[in-house]
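Asker: Have a peek at work_36.cif (mmCIF, C-alpha atoms).
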```
data_target
#
loop_
_atom_site.label_atom_id
_atom_site.label_comp_id
_atom_site.auth_asym_id
_atom_site.auth_seq_id
_atom_site.Cartn_x
_atom_site.Cartn_y
_atom_site.Cartn_z
CA MET A 8 72.72 -27.23 115.27
CA LYS A 9 70.22 -24.51 114.99
CA ALA A 10 70.11 -22.76 111.65
CA PHE A 11 69.96 -18.98 111.53
CA PRO A 12 67.59 -17.23 109.20
CA HIS A 13 69.21 -15.83 106.10
CA PHE A 14 68.20 -12.29 105.23
CA VAL A 15 68.66 -10.77 101.82
CA PHE A 16 68.88 -6.94 101.75
CA ALA A 17 67.84 -5.21 98.61
CA PHE A 18 69.23 -1.71 98.06
CA LEU A 19 67.44 0.57 95.65
CA PHE A 20 69.40 3.40 94.08
CA PHE A 21 67.60 6.35 92.52
CA CYS A 22 69.56 8.42 90.04
CA LEU A 23 68.53 11.69 88.43
CA ALA A 24 68.64 11.64 84.69
CA PRO A 25 71.22 14.00 83.16
CA GLY A 26 69.93 17.57 83.02
CA PHE A 27 67.08 16.93 85.46
CA THR A 28 66.89 19.00 88.68
CA LEU A 29 64.24 19.45 91.30
CA ALA A 30 62.40 22.68 90.48
CA GLN A 31 62.41 25.37 93.16
CA GLN A 32 58.89 26.32 93.97
CA LEU A 33 59.62 29.96 94.90
CA GLN A 34 61.49 31.91 92.25
CA CYS A 35 62.49 35.58 92.01
CA ASN A 36 62.79 37.80 88.95
CA PRO A 37 65.20 39.49 89.18
CA CYS A 38 67.04 37.99 92.12
CA SER A 39 69.15 41.13 92.65
CA HIS A 40 68.72 44.81 91.90
CA ALA A 41 71.04 47.84 91.73
CA PHE A 42 69.20 51.14 92.19
CA GLY A 43 72.07 53.19 90.79
CA LYS A 44 72.46 56.84 91.84
CA VAL A 45 69.62 58.27 93.90
CA GLN A 46 69.56 61.76 95.34
CA VAL A 47 70.08 61.91 99.10
CA GLY A 48 66.79 62.74 100.80
CA SER A 49 64.64 61.21 98.05
CA SER A 50 63.50 57.64 97.41
CA VAL A 51 62.86 55.24 94.55
CA SER A 52 60.93 51.97 94.44
CA PHE A 53 61.42 48.72 92.58
CA SER A 54 59.36 45.50 92.57
CA ILE A 55 60.71 41.97 92.43
CA GLN A 56 58.38 39.31 91.03
CA LEU A 57 57.99 36.19 93.19
CA SER A 58 56.54 33.15 91.43
CA ASN A 59 55.34 29.75 92.62
CA THR A 60 56.54 27.27 89.99
CA GLY A 61 55.39 24.26 91.97
CA THR A 62 52.15 22.36 91.87
CA THR A 63 50.72 23.31 95.26
CA THR A 64 50.11 26.51 97.15
CA LEU A 65 53.03 27.82 99.18
CA ARG A 66 53.22 30.38 101.98
CA ILE A 67 55.87 33.02 102.64
CA THR A 68 56.01 33.01 106.42
CA SER A 69 58.60 35.69 107.20
CA LYS A 70 60.68 38.45 105.65
CA SER A 71 63.79 40.32 106.71
CA LEU A 72 66.03 42.95 105.18
CA THR A 73 69.55 44.19 105.92
CA GLY A 74 70.77 47.64 104.94
CA SER A 75 69.24 50.57 106.82
CA GLU A 76 68.58 52.58 103.64
CA PHE A 77 66.40 49.84 102.13
CA SER A 78 62.87 49.02 103.25
CA PHE A 79 59.90 46.93 102.19
CA GLY A 80 56.92 48.46 100.48
CA THR A 81 53.48 47.08 101.27
CA PHE A 82 54.02 43.34 101.65
CA PRO A 83 52.35 41.88 104.78
CA VAL A 84 53.27 38.32 105.71
CA PRO A 85 52.21 35.56 105.70
CA VAL A 86 51.58 35.57 101.96
CA ARG A 87 49.93 32.69 100.08
CA ILE A 88 50.92 32.09 96.45
CA LYS A 89 48.92 29.57 94.47
CA ALA A 90 50.60 27.19 92.03
CA GLY A 91 51.60 29.05 88.88
CA ALA A 92 50.80 32.45 90.40
CA SER A 93 53.03 35.46 91.14
CA VAL A 94 53.13 38.41 93.54
CA GLU A 95 55.13 41.63 93.57
CA LEU A 96 57.62 42.37 96.36
CA PRO A 97 58.17 46.18 96.52
CA ILE A 98 61.51 47.51 97.77
CA VAL A 99 62.30 51.16 98.56
CA PHE A 100 65.76 52.77 98.52
CA ALA A 101 65.99 56.07 100.43
CA PRO A 102 69.63 57.12 100.88
CA THR A 103 70.45 59.40 103.83
CA ALA A 104 74.11 59.95 102.92
CA ALA A 105 76.34 59.95 99.87
CA GLY A 106 78.11 56.71 98.96
CA HIS A 107 77.53 53.07 98.10
CA THR A 108 75.35 50.81 100.22
CA SER A 109 74.14 47.22 99.94
CA GLY A 110 71.55 44.99 101.50
CA VAL A 111 70.04 41.49 101.44
CA ILE A 112 66.38 40.43 101.38
CA THR A 113 65.63 37.09 103.06
CA LEU A 114 62.30 35.30 102.64
CA VAL A 115 61.32 32.11 104.47
CA SER A 116 58.57 29.99 102.96
CA THR A 117 57.10 26.50 102.76
CA ALA A 118 58.68 25.96 99.32
CA GLU A 119 61.26 23.28 98.54
CA ASN A 120 63.79 26.11 98.78
CA PRO A 121 62.61 27.44 102.13
CA THR A 122 65.08 30.36 102.29
CA LEU A 123 65.35 32.75 99.35
CA CYS A 124 67.93 35.57 99.42
CA MET A 125 68.14 38.56 97.06
CA ASP A 126 70.90 41.18 96.88
CA LEU A 127 70.35 44.95 96.76
CA ALA A 128 72.71 47.85 96.04
CA GLY A 129 72.43 51.59 95.61
CA ASN A 130 74.40 54.83 95.63
CA GLY A 131 73.37 57.93 97.51
CA ALA A 132 74.43 61.10 95.72
CA TYR A 133 73.88 64.86 95.72
CA PRO A 134 72.81 66.81 92.63
CA LEU A 135 74.89 69.16 90.49
CA ALA A 136 73.07 72.46 89.95
CA VAL A 137 73.32 74.47 86.72
CA THR A 138 72.19 78.08 86.40
CA PRO A 139 70.49 79.61 84.61
CA ALA A 140 68.20 76.74 83.63
CA THR A 141 68.17 78.04 80.04
CA LEU A 142 70.75 80.07 78.13
CA SER A 143 69.09 82.29 75.54
CA PHE A 144 71.47 83.72 72.93
CA GLY A 145 68.93 85.82 71.06
CA ASN A 146 69.71 86.81 67.46
CA VAL A 147 73.15 85.90 66.12
CA THR A 148 74.29 86.44 62.53
CA VAL A 149 74.86 83.22 60.59
CA GLY A 150 78.58 82.46 60.45
CA SER A 151 79.41 84.51 63.56
CA SER A 152 79.42 83.40 67.23
CA ALA A 153 78.10 84.53 70.59
CA SER A 154 79.11 83.18 74.03
CA LEU A 155 77.31 82.98 77.39
CA GLN A 156 78.30 81.44 80.71
CA ALA A 157 76.58 78.71 82.72
CA THR A 158 77.42 78.15 86.39
CA LEU A 159 77.81 74.62 87.79
CA THR A 160 77.47 74.34 91.58
CA ALA A 161 78.19 71.42 93.93
CA SER A 162 76.17 72.46 96.97
CA ASN A 163 76.39 69.51 99.41
CA ALA A 164 79.29 67.32 98.31
CA ALA A 165 82.17 67.35 95.84
CA VAL A 166 81.18 66.47 92.27
CA THR A 167 83.52 65.22 89.57
CA ILE A 168 82.53 66.01 85.98
CA SER A 169 83.95 63.33 83.68
CA SER A 170 82.60 64.40 80.27
CA ASP A 171 80.41 66.93 78.54
CA GLY A 172 78.67 67.28 75.21
CA SER A 173 76.10 69.15 73.17
CA THR A 174 73.12 67.76 71.31
CA SER A 175 73.55 70.32 68.50
CA SER A 176 76.60 71.18 66.40
CA GLU A 177 75.57 74.85 66.61
CA PHE A 178 76.31 74.92 70.37
CA ALA A 179 79.72 74.14 71.85
CA ILE A 180 81.02 73.88 75.43
CA LEU A 181 84.32 75.74 75.86
CA GLY A 182 86.90 76.14 78.61
CA LEU A 183 86.47 72.94 80.63
CA THR A 184 89.46 70.62 81.06
CA LEU A 185 88.02 67.26 82.06
CA PRO A 186 87.82 65.49 84.38
CA VAL A 187 87.35 68.31 86.88
CA THR A 188 86.18 68.18 90.50
CA ILE A 189 84.03 70.92 92.03
CA ALA A 190 84.52 71.05 95.79
CA ALA A 191 81.50 71.04 98.09
CA GLY A 192 79.96 74.49 98.21
CA GLN A 193 81.94 75.69 95.18
CA SER A 194 81.00 76.65 91.62
CA LEU A 195 82.57 76.43 88.18
CA ALA A 196 81.82 78.52 85.08
CA ALA A 197 81.32 76.84 81.71
CA THR A 198 81.26 78.87 78.50
CA ILE A 199 78.69 77.92 75.87
CA GLN A 200 79.16 79.23 72.32
CA PHE A 201 76.40 79.56 69.72
CA THR A 202 77.45 79.59 66.05
CA PRO A 203 74.33 79.38 63.87
CA SER A 204 74.80 77.60 60.57
CA ALA A 205 71.46 78.68 59.12
CA ALA A 206 68.79 81.30 59.64
CA GLY A 207 66.00 80.36 62.05
CA ALA A 208 65.41 79.18 65.60
CA ALA A 209 67.92 76.74 67.10
CA THR A 210 67.66 74.65 70.27
CA GLY A 211 69.97 72.23 72.01
CA GLN A 212 71.18 70.89 75.33
CA ALA A 213 74.55 71.02 77.01
CA ALA A 214 74.99 67.89 79.16
CA PHE A 215 77.53 67.35 81.95
CA THR A 216 78.18 63.74 83.00
CA SER A 217 79.35 63.32 86.59
CA ASN A 218 78.97 61.32 89.79
CA ALA A 219 76.06 63.58 90.81
CA ALA A 220 72.59 62.21 91.43
CA ASN A 221 71.14 64.05 88.45
CA SER A 222 73.84 63.08 85.96
CA PRO A 223 73.84 64.01 83.18
CA THR A 224 73.05 67.55 84.31
CA VAL A 225 71.39 69.38 81.41
CA GLU A 226 71.46 73.05 80.37
CA GLN A 227 68.76 74.10 77.89
CA LEU A 228 70.03 76.24 74.98
CA THR A 229 68.15 78.49 72.57
CA GLY A 230 69.13 80.98 69.90
CA THR A 231 68.11 82.37 66.53
CA GLY A 232 70.31 82.46 63.46
CA VAL A 233 69.91 85.66 61.44
CA ALA A 234 70.92 85.84 57.78
CA GLN A 235 73.91 88.03 56.99
CA VAL A 236 73.10 91.54 55.81
CA ALA A 237 74.44 92.32 52.31
CA HIS A 238 76.44 95.59 52.44
CA SER A 239 77.43 97.81 49.55
CA VAL A 240 79.28 101.10 49.04
CA ALA A 241 77.74 103.81 46.85
CA LEU A 242 80.38 106.07 45.27
CA THR A 243 79.90 109.39 43.48
CA TRP A 244 82.39 111.96 42.19
CA ASP A 245 82.58 115.21 40.18
CA ALA A 246 83.19 115.11 36.44
CA GLY A 247 86.63 116.20 35.31
CA SER A 248 87.33 119.18 33.04
CA GLY A 249 89.14 117.15 30.37
CA ASP A 250 86.04 116.05 28.47
CA PRO A 251 86.20 112.40 29.69
CA VAL A 252 84.28 109.63 27.95
CA GLY A 253 84.22 107.42 31.04
CA TYR A 254 85.71 106.55 34.40
CA ASN A 255 87.51 103.71 36.20
CA VAL A 256 87.07 102.93 39.90
CA TYR A 257 89.86 101.50 42.06
CA ARG A 258 89.80 99.97 45.53
CA GLY A 259 92.42 99.08 48.14
CA THR A 260 92.58 98.05 51.79
CA ALA A 261 95.22 100.61 52.75
CA ASN A 262 95.25 104.37 52.32
CA GLY A 263 97.64 105.11 49.47
CA GLY A 264 97.24 101.73 47.82
CA PRO A 265 97.96 99.50 46.18
CA TYR A 266 94.62 99.80 44.37
CA GLU A 267 92.85 97.40 42.00
CA MET A 268 90.30 98.38 39.37
CA ILE A 269 86.88 96.97 40.33
CA ASN A 270 84.70 98.06 37.38
CA THR A 271 84.57 95.57 34.50
CA ALA A 272 83.80 98.18 31.84
CA LEU A 273 84.33 101.91 31.54
CA GLU A 274 81.76 103.76 33.69
CA ALA A 275 79.84 106.39 31.70
CA THR A 276 78.43 108.20 34.75
CA THR A 277 79.94 109.61 37.92
CA ASN A 278 78.27 106.97 40.12
CA TYR A 279 79.34 103.42 41.04
CA THR A 280 78.07 100.86 43.60
CA ASP A 281 80.52 98.33 45.03
CA THR A 282 78.56 95.19 46.02
CA THR A 283 81.57 92.95 46.69
CA VAL A 284 82.52 94.28 50.13
CA VAL A 285 83.10 92.01 53.13
CA CYS A 286 81.72 92.64 56.63
CA GLY A 287 84.20 94.19 59.03
CA MET A 288 86.58 95.47 56.36
CA THR A 289 87.74 99.04 55.65
CA TYR A 290 88.20 100.09 52.00
CA TYR A 291 89.79 103.05 50.24
CA TYR A 292 88.55 104.20 46.81
CA VAL A 293 89.97 106.37 44.02
CA ALA A 294 88.67 107.16 40.52
CA THR A 295 90.29 108.11 37.21
CA GLU A 296 88.87 109.61 34.01
CA VAL A 297 89.53 108.33 30.51
CA ASN A 298 89.38 110.55 27.39
CA ALA A 299 88.49 109.65 23.81
CA GLU A 300 92.11 108.71 23.04
CA GLY A 301 92.08 106.18 25.88
CA GLN A 302 94.35 108.24 28.05
CA GLU A 303 93.75 107.84 31.79
CA SER A 304 94.20 110.54 34.39
CA GLY A 305 95.86 110.19 37.75
CA TYR A 306 93.98 109.08 40.86
CA SER A 307 91.37 111.32 42.40
CA ASN A 308 91.32 112.10 46.10
CA VAL A 309 90.77 109.05 48.39
CA GLY A 310 87.36 108.05 49.75
CA GLN A 311 87.08 105.71 52.76
CA ALA A 312 84.31 103.22 53.60
CA VAL A 313 84.06 101.20 56.84
CA ILE A 314 81.89 98.08 56.44
CA PRO A 315 79.88 96.98 59.54
CA SER A 316 80.82 93.62 61.06
CA SER A 317 77.28 92.27 60.76
#
```
If you convert what's in this file into structure tokens, what do you get?

Answerer:
Amino acid sequence: MKAFPHFVFAFLFFCLAPGFTLAQQLQCNPCSHAFGKVQVGSSVSFSIQLSNTGTTTLRITSKSLTGSEFSFGTFPVPVRIKAGASVELPIVFAPTAAGHTSGVITLVSTAENPTLCMDLAGNGAYPLAVTPATLSFGNVTVGSSASLQATLTASNAAVTISSDGSTSSEFAILGLTLPVTIAAGQSLAATIQFTPSAAGAATGQAAFTSNAANSPTVEQLTGTGVAQVAHSVALTWDAGSGDPVGYNVYRGTANGGPYEMINTALEATTNYTDTTVVCGMTYYYVATEVNAEGQESGYSNVGQAVIPSS
């Protein structure tokens, strides 16, 4: 009986040690990019770094891109990348309409990972216009306020303002109930108030956060705080015929009283200056004469003083 050869098969199993992976030769940084809001009709660029992390030179043989509003910058293929070297892949986003759009970059190369895909996203948007570019309040007395209006216009598409704010506590935005949507082709008035807290020049910005391309939309603000003017009332009267030794001065805020004495000691002359008046008030004054026995006469005729508001 004929014997058959006996074959022994040896099987070799190769296992990767825990934590060990085959390195991809072509790597991207970053591997996705969101352009954010970009004004319709304009464009922005961004570069993705492509690196060869392998030990030999690789070639990028082809490129493709989805999303009609994305395009490649200068990046002719084929491209050779030496081991350990990097190149920049420029991408341009040029929105032609408002709204969100996305795209995918695909590169084919001789790397261990022959196909490399990268995601793109962007939002086309229209700007929100603010006029005038700068609100100038001029001189405003410290402690008082002045108001001016800014006009916000959504020329090409509806814009929703979600929040607003001022960079200075001396300027405040009034009259807007947020959120508010301005229809396409429409405008909205915003009142800005300047209340200087100190004398001197003041600057600030009013910012309107929205879904517009130029959000936050900024209004420049300027004004000058002017110190309050100190007012006083100079009073004079005729001497009485009763041989007075002095006079008292009384003041009230209504014609006919009640009146309060405002001099702290008997006045020896027929003149008195009231330095405690308040801007915007109207005062009424009377005087009395006092003789040597301390007897005081009745009130004189009434004098009126109107204090300016600033």

Asker: Between A:Ala312, A:Ala161, A:Leu228, A:Ala153, which residue has the minimum interatomic distance to Ser175 in chain A, considering all atoms listed in the file?

Answerer: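 Among the listed residues, the smallest separation from Ser175 in chain A belongs to A:Leu228.
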
Asker: Take the PyMOL selection byres ((chain A and resi 110) around 9), run it mentally on this structure, and tell me the resulting residues as a PyMOL selection string.

Answerer: chain A and resi 72-77+108-109+111-112+125-129

Asker: For a cutoff of 8 Å around the file-coordinate point (72.9, 86.2, 57.8), which residues qualify once you count only C-alpha atoms? I'd like the result as a VMD selection string.

Answerer: chain A and resid 148 to 150 205 to 206 232 to 236

Asker: Using all atoms listed in the file, find the one residue out of A:Val137, A:Val187, A:Ala261, A:Ala275 that sits nearest to Ala213 in chain A.

Answerer: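 Among A:Val137, A:Val187, A:Ala261, A:Ala275, it is A:Val137 that comes nearest to Ala213 in chain A.
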
Asker: Quick one: which residues end up in the PyMOL selection byres ((chain A and resi 192) around 9) for this structure, as a list in words?

Answerer: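 Selected by the PyMOL selection byres ((chain A and resi 192) around 9) here: Thr160, Ala161, Ser162, Asn163, Ala164, Ala165, Ile189, Ala190, Ala191, Gln193 and Ser194 of chain A.
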
Asker: Expanded to explicit residues, what is the PyMOL selection byres ((chain A and resi 61) around 12) for this file, as a ChimeraX atom specification?

Answerer: /A:29-34,58-60,62-66,88-93,117-120

Asker: As an mmCIF file with C-alpha atoms, keeping the file's coordinate frame, please: the residues near Ala101 in chain A (cut-off 8 Å, all atoms listed in the file, same-chain neighbours under 6 positions excluded).

Answerer:
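result-v4.cif, freshly written:
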```
data_model
loop_
_atom_site.group_PDB
_atom_site.id
_atom_site.type_symbol
_atom_site.label_atom_id
_atom_site.label_comp_id
_atom_site.auth_asym_id
_atom_site.auth_seq_id
_atom_site.Cartn_x
_atom_site.Cartn_y
_atom_site.Cartn_z
ATOM 1 C CA VAL A 45 69.620 58.270 93.900
ATOM 2 C CA VAL A 47 70.080 61.910 99.100
ATOM 3 C CA GLY A 48 66.790 62.740 100.800
ATOM 4 C CA SER A 49 64.640 61.210 98.050
ATOM 5 C CA SER A 50 63.500 57.640 97.410
ATOM 6 C CA VAL A 51 62.860 55.240 94.550
ATOM 7 C CA GLU A 76 68.580 52.580 103.640
ATOM 8 C CA PHE A 77 66.400 49.840 102.130
#
```

Asker: Go ahead and compute the interatomic distance for CA of Ala209 in chain A and CA of Ser154 in chain A, in Å to one decimal.

Answerer: 14.7 Å

Asker: Between CA of Ala219 in chain A and CA of Ser173 in chain A, what distance in Å does the model show, to one decimal?

Answerer: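 Separation of CA of Ala219 in chain A and CA of Ser173 in chain A: 18.5 Å.
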
Asker: List the residues sitting within 6 Å of (93.4, 110.2, 40.6) in the file's frame, using all atoms listed in the file, as a PyMOL selection string.

Answerer: chain A and resi 294-295+305-307

Asker: Of the candidates A:Val297, A:Val256, A:Cys38, A:Leu185, which one gets nearest to Tyr279 in chain A if we count all atoms listed in the file?

Answerer: A:Val256

Asker: Kindly give the distance, in Å, that separates CA of Ser304 in chain A and CA of Met288 in chain A, rounded to a single decimal.

Answerer: 27.7 Å

Asker: Rank nothing, just name the residue among A:Pro251, A:Ser52, A:Glu177, A:Tyr292 nearest to Tyr266 in chain A, using all atoms listed in the file.

Answerer: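 Using all atoms listed in the file, Tyr266 in chain A sits closest to A:Tyr292.
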
Asker: Could you check the closest approach to Asn130 in chain A for each of A:Arg87, A:His40, A:His238, A:His107 and tell me which residue wins, using all atoms listed in the file?

Answerer: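 Distance minimum relative to Asn130 in chain A lands on A:His107.
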
Asker: Go through A:Ser316, A:Gln302, A:Glu95, A:Gly145 one by one, measure the shortest atom-to-atom distance of each to Cys286 in chain A using all atoms listed in the file, and give the residue with the smallest value.

Answerer: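 Residue with the minimum atom-to-atom distance to Cys286 in chain A: A:Ser316.
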